[in-house]
There are 4 protein chains.
Amino acid sequence: MDVFARKGFFLSKVSEIAKKAGVADGTIYLYFKNKDDLLISIFEEKMREINASFRDALAQEPDALSRFRRLIRMHLEGFQSYPELASVLLVELRQSSRFMREYKKVELKNYLDLIGKVVEQGQREGVFRSDISVSLVKRLIFGTLDEMVSTWVLAGRPYELVTLTEPVLDLLLHGIQRENDSIRKKPLQEDVT
Amino acid sequence: MDVFARKGFFLSKVSEIAKKAGVADGTIYLYFKNKDDLLISIFEEKMREINASFRDALAQEPDALSRFRRLIRMHLEGFQSYPELASVLLVELRQSSRFMREYKKVELKNYLDLIGKVVEQGQREGVFRSDISVSLVKRLIFGTLDEMVSTWVLAGRPYELVTLTEPVLDLLLHGIQRENDSIRKKPLQEDVT
Amino acid sequence: MDVFARKGFFLSKVSEIAKKAGVADGTIYLYFKNKDDLLISIFEEKMREINASFRDALAQEPDALSRFRRLIRMHLEGFQSYPELASVLLVELRQSSRFMREYKKVELKNYLDLIGKVVEQGQREGVFRSDISVSLVKRLIFGTLDEMVSTWVLAGRPYELVTLTEPVLDLLLHGIQRENDSIRKKPLQEDVT
Amino acid sequence: MDVFARKGFFLSKVSEIAKKAGVADGTIYLYFKNKDDLLISIFEEKMREINASFRDALAQEPDALSRFRRLIRMHLEGFQSYPELASVLLVELRQSSRFMREYKKVELKNYLDLIGKVVEQGQREGVFRSDISVSLVKRLIFGTLDEMVSTWVLAGRPYELVTLTEPVLDLLLHGIQRENDSIRKKPLQEDVT
DNA sequence: CATGAATGAGCTTTCATTCAT
DNA sequence: TATGAATGAAAGCTCATTCAT
């Protein structure tokens with residue numbers, strides 16, 4: 001994954017991966033059908049782990065809103081501690097038609113479904129708007145997180161990715177439009193109260 | 001661009017591009033330094049056009065909110081009528097480190113700045129929240145649009161991309177959290193008060 | 001053909017063939033689909049020439065017997081002057097299932113048919129026995145010639161192959177059994193009796 | 001031998017042979033020096049058996065003519081009941097120069113000598129023509145049988161090979177030319193009659 | 001004796017690039 | 001300016017062979 005992340009699929013040489021792994025070139029082919037299979041396999045395995053750990057973590061949170069916050073923080077934390085995965089996920093797999101078309105992306109879909117479930121639960125709990133499409137919200141969330149990570153990686157990881165948790169959460173929850181006067185007063189009153 | 005979009009950079013053959021363009025292989029090299037330069041050049045040229053037309057269009061809108069709506073619609077319309085560009089932008093250029101690192105992305109940056117300016121103006125006009133980072137909002141917007149287009153392309157363009165304009169606008173402006181009754185009523189009462 | 005004949009298909013390296021031909025490795029692939037195609041193509045082309053020249057030569061002979069003699073001499077002469085072809089024909093093409101199964105051997109069949117026609121004509125002219133199967137005779141003739149050439153090649157071509165013409169002709173025509181008068185007459189007498 | 005016969009030397013994998021033999025890959029190398037040695041060894045062993053059994057069988061026949069008939073039938077019978085050997089003999093061993101040059105073919109030569117001895121004996125007994133070269137006749141016989149088996153194998157063994165015994169015997173003994181004098185007289189006589 | 005995972009040399013084939021015409 | 005045949009470096013992959021267990 002290190003090599004794929006650094007060079008990209010086509011510029012990564014099997015011999016380099018083998019050397020990095022401390023095995024002979026041929027040994028790779030005892031465990032993977034070919035170079036494609038190698039990329040997909042290591043990605044799928046990692047994603048399986050991530051999905052499992054996310055599911056566990058979310059299950060511990062009491063309500064949809066805290067789950068949502070947890071999801072975002074975990075996403076950012078995860079990529080922060082494993083930027084190689086970010087590159088592979090963001091760039092290589094989404095990359096060539098080769099993968100996006102032929103590869104079924106089971107675990108990637110599982111991840112998006114995880115987001116979807118949190119949103120649906122939030123709607124049932126009444127904290128999320130129910131007049132919006134879940135599939136659209138999934139993309140709003142995933143696209144935003146994706147872009148945050150992507151920009152961070154491409155900028156050379158100049159800050160702690162996880163510090164974006166609250167600002168991003170705020171944006172996703174309340175949008176960018178200024179809340180009109182009435183709404184603005186609310187907090188004031190509450191403070192008073 | 002058709003070829004690059006369909007096959008991806010590494011699977012696109014210079015000879016195929018030449019054939020599609022109706023010229024001989026060697027002719028390509030009279031106009032472009034190499035295959036890398038070819039991809040970057042045609043992309044930059046296209047982006048320059050797009051940025052120019054976007055700037056013109058936005059200049060015709062009276063206020064920040066209508067500019068914002070116009071920006072989103074144009075983004076979706078643009079990719080809808082030119083899906084090849086979408087693939088190149090989304091996939092090929094963001095793809096290999098080769099490009100993301102060495103290529104300066106002048107026009108891509110210009111595009112993001114265009115979004116940024118609309119946001120800043122909205123803040124000055126008082127319709128956008130001023131307690132949020134412009135750079136963060138740029139990524140919220142761009143990431144979301146990106147993901148919408150990306151999903152649409154990969155799903156085989158099964159619907160009119162532009163129909164997402166209003167729902168996406170709504171999500172970006174108001175967020176996903178339900179503005180609950182109490183909150184809503186309170187201002188009303190206060191208004192009464 | 002030189003290289004294939006000397007080393008055999010699998011031990012012949014494309015790079016060696018290219019060097020011998022005075023071109024770069026890649027140039028081979030502008031004219032042949034792959035290594036298999038290369039072998040089959042050069043063989044088919046040669047066989048086409050041979051079949052044509054054989055057909056012409058045989059057409060000039062007045063009767064079946066002289067055609068038969070001519071066929072045998074030409075076969076032996078041909079391989080004598082082009083031993084490389086012999087190796088390829090005898091060894092490489094008959095060799096691996098790869099070729100014998102997938103390759104249709106059009107021209108090889110044409111060659112066998114040429115033999116068959118001479119035999120049939122001989123039967124019609126009454127100089128060849130008509131109580132024998134043409135297909136069997138074809139194989140008697142081809143197998144014998146094949147073995148003569150094969151032995152000659154493998155022995156290092158120690159003599160003029162064409163000197164075998166008359167002895168072989170004699171064997172094929174009269175067989176190996178002694179036709180002594182007594183034996184021949186006996187059946188006749190017995191018939192009479 | 002099964003594997004070599006089915007795939008040919010170069011396309012046969014040592015691992016496949018090992019699997020078929022129910023041993024580990026490495027075990028092969030405890031008994032054979034390398035892949036070449038493996039092919040030659042199993043072929044030589046088989047040929048030794050065959051030569052021995054042929055010698056025994058021929059020794060039981062009373063005269064050269066019956067030995068000759070027996071030889072041809074055994075040859076055809078043998079390949080019919082062991083077509084794998086046919087492929088190896090016909091194709092693989094005669095195949096690559098690698099074998100034809102470096103490998104001394106002791107047992108193959110023994111087989112040809114067996115044919116030669118029958119011929120010589122036939123000449124001494126006066127049933128075979130003594131005006132013909134034994135070495136030539138050996139090749140006539142072997143080449144013919146070879147071609148019969150070869151065609152049969154490549155055609156997918158569509159009939160009983162052994163049924164060719166009498167026709168082939170007839171061809172080899174009497175040749176393909178219509179018999180002169182006596183026979184020639186016959187029609188004349190018949191005409192007279 | 002037997003194993004089979006690991007090795008790595010060496011092959012075919014591709015394709016960006018060149019340059020004589 | 002345009003061509004496109006020729007180039008040749010470079011890479012994925014195979015598989016005979018080895019050797020620690």
# chains A, B, ... in the order shown; residues from 1 in each chain; ligands from 1
>>> residues_around(residues="Pro62 in chain B", least_positions_apart="4", cutoff="12 Å", atoms="only C-alpha atoms (C1' of nucleotides)", output="list of chain:residue names")
B:Ala57, B:Leu58, B:Ser66, B:Arg67, B:Phe68, B:Arg69, B:Arg70, B:Val118, B:Gln121, B:Gly122, B:Glu125
>>> write_last_selection(atoms="C-alpha atoms", output="PDB file, in the first residue's frame")
ATOM      1  CA  ALA B  57     -22.176  34.205 -16.146  1.00  0.00           C
ATOM      2  CA  LEU B  58     -21.690  34.977 -12.475  1.00  0.00           C
ATOM      3  CA  SER B  66     -28.306  33.967  -6.951  1.00  0.00           C
ATOM      4  CA  ARG B  67     -24.646  33.662  -7.928  1.00  0.00           C
ATOM      5  CA  PHE B  68     -24.326  30.662  -5.674  1.00  0.00           C
ATOM      6  CA  ARG B  69     -27.363  29.017  -7.208  1.00  0.00           C
ATOM      7  CA  ARG B  70     -26.047  29.833 -10.675  1.00  0.00           C
ATOM      8  CA  VAL B 118     -18.889  33.884  -4.224  1.00  0.00           C
ATOM      9  CA  GLN B 121     -19.266  38.093  -1.214  1.00  0.00           C
ATOM     10  CA  GLY B 122     -22.146  36.233   0.389  1.00  0.00           C
ATOM     11  CA  GLU B 125     -23.784  40.719   1.857  1.00  0.00           C
TER      12      GLU B 125
END
>>> calpha_fit_rmsd(fixed="chain C", moving="chain D")
3.5 Å
>>> closest_atom_pairs(of="chain C", to="chain F", cutoff="8 Å", atoms="only C-alpha atoms (C1' of nucleotides)", output="tab-separated table")
residue	atom	partner	partner_atom	distance
C:Ala24	CA	F:DT7	C1'	6.3
C:Asp25	CA	F:DG8	C1'	7.3
C:Gly26	CA	F:DT7	C1'	7.1
C:Thr27	CA	F:DA6	C1'	6.3
>>> write_last_selection(atoms="C-alpha atoms", output="JSON list (two decimals), in the first residue's frame")
[["chain", "number", "residue", "atom", "x", "y", "z"],
["C", 24, "ALA", "CA", 14.56, -4.30, -33.76],
["C", 25, "ASP", "CA", 12.54, -6.64, -31.59],
["C", 26, "GLY", "CA", 9.47, -4.49, -31.78],
["C", 27, "THR", "CA", 9.51, -4.42, -35.56]]
>>> atom_distance(atom1="CA of Tyr111 in chain B", atom2="CA of Lys138 in chain B")
10.2 Å
>>> interface_residues(of="chain E", to="chain C", cutoff="12 Å", atoms="only C-alpha atoms (C1' of nucleotides)", output="PyMOL selection string")
chain E and resi 10-15
>>> atom_distance(atom1="CA of Leu30 in chain B", atom2="CA of Phe9 in chain A")
29.4 Å
>>> residues_around(residues="range 44-52 of chain A", least_positions_apart="5", cutoff="9 Å", atoms="only C-alpha atoms (C1' of nucleotides)", output="PyMOL selection string")
chain A and resi 39+57+78+85+105-108+110-111+114
>>> closest_residue(among="A:Ile115, A:Ala18, A:Val137, A:Val162", to="chain B", atoms="only C-alpha atoms")
A:Val137
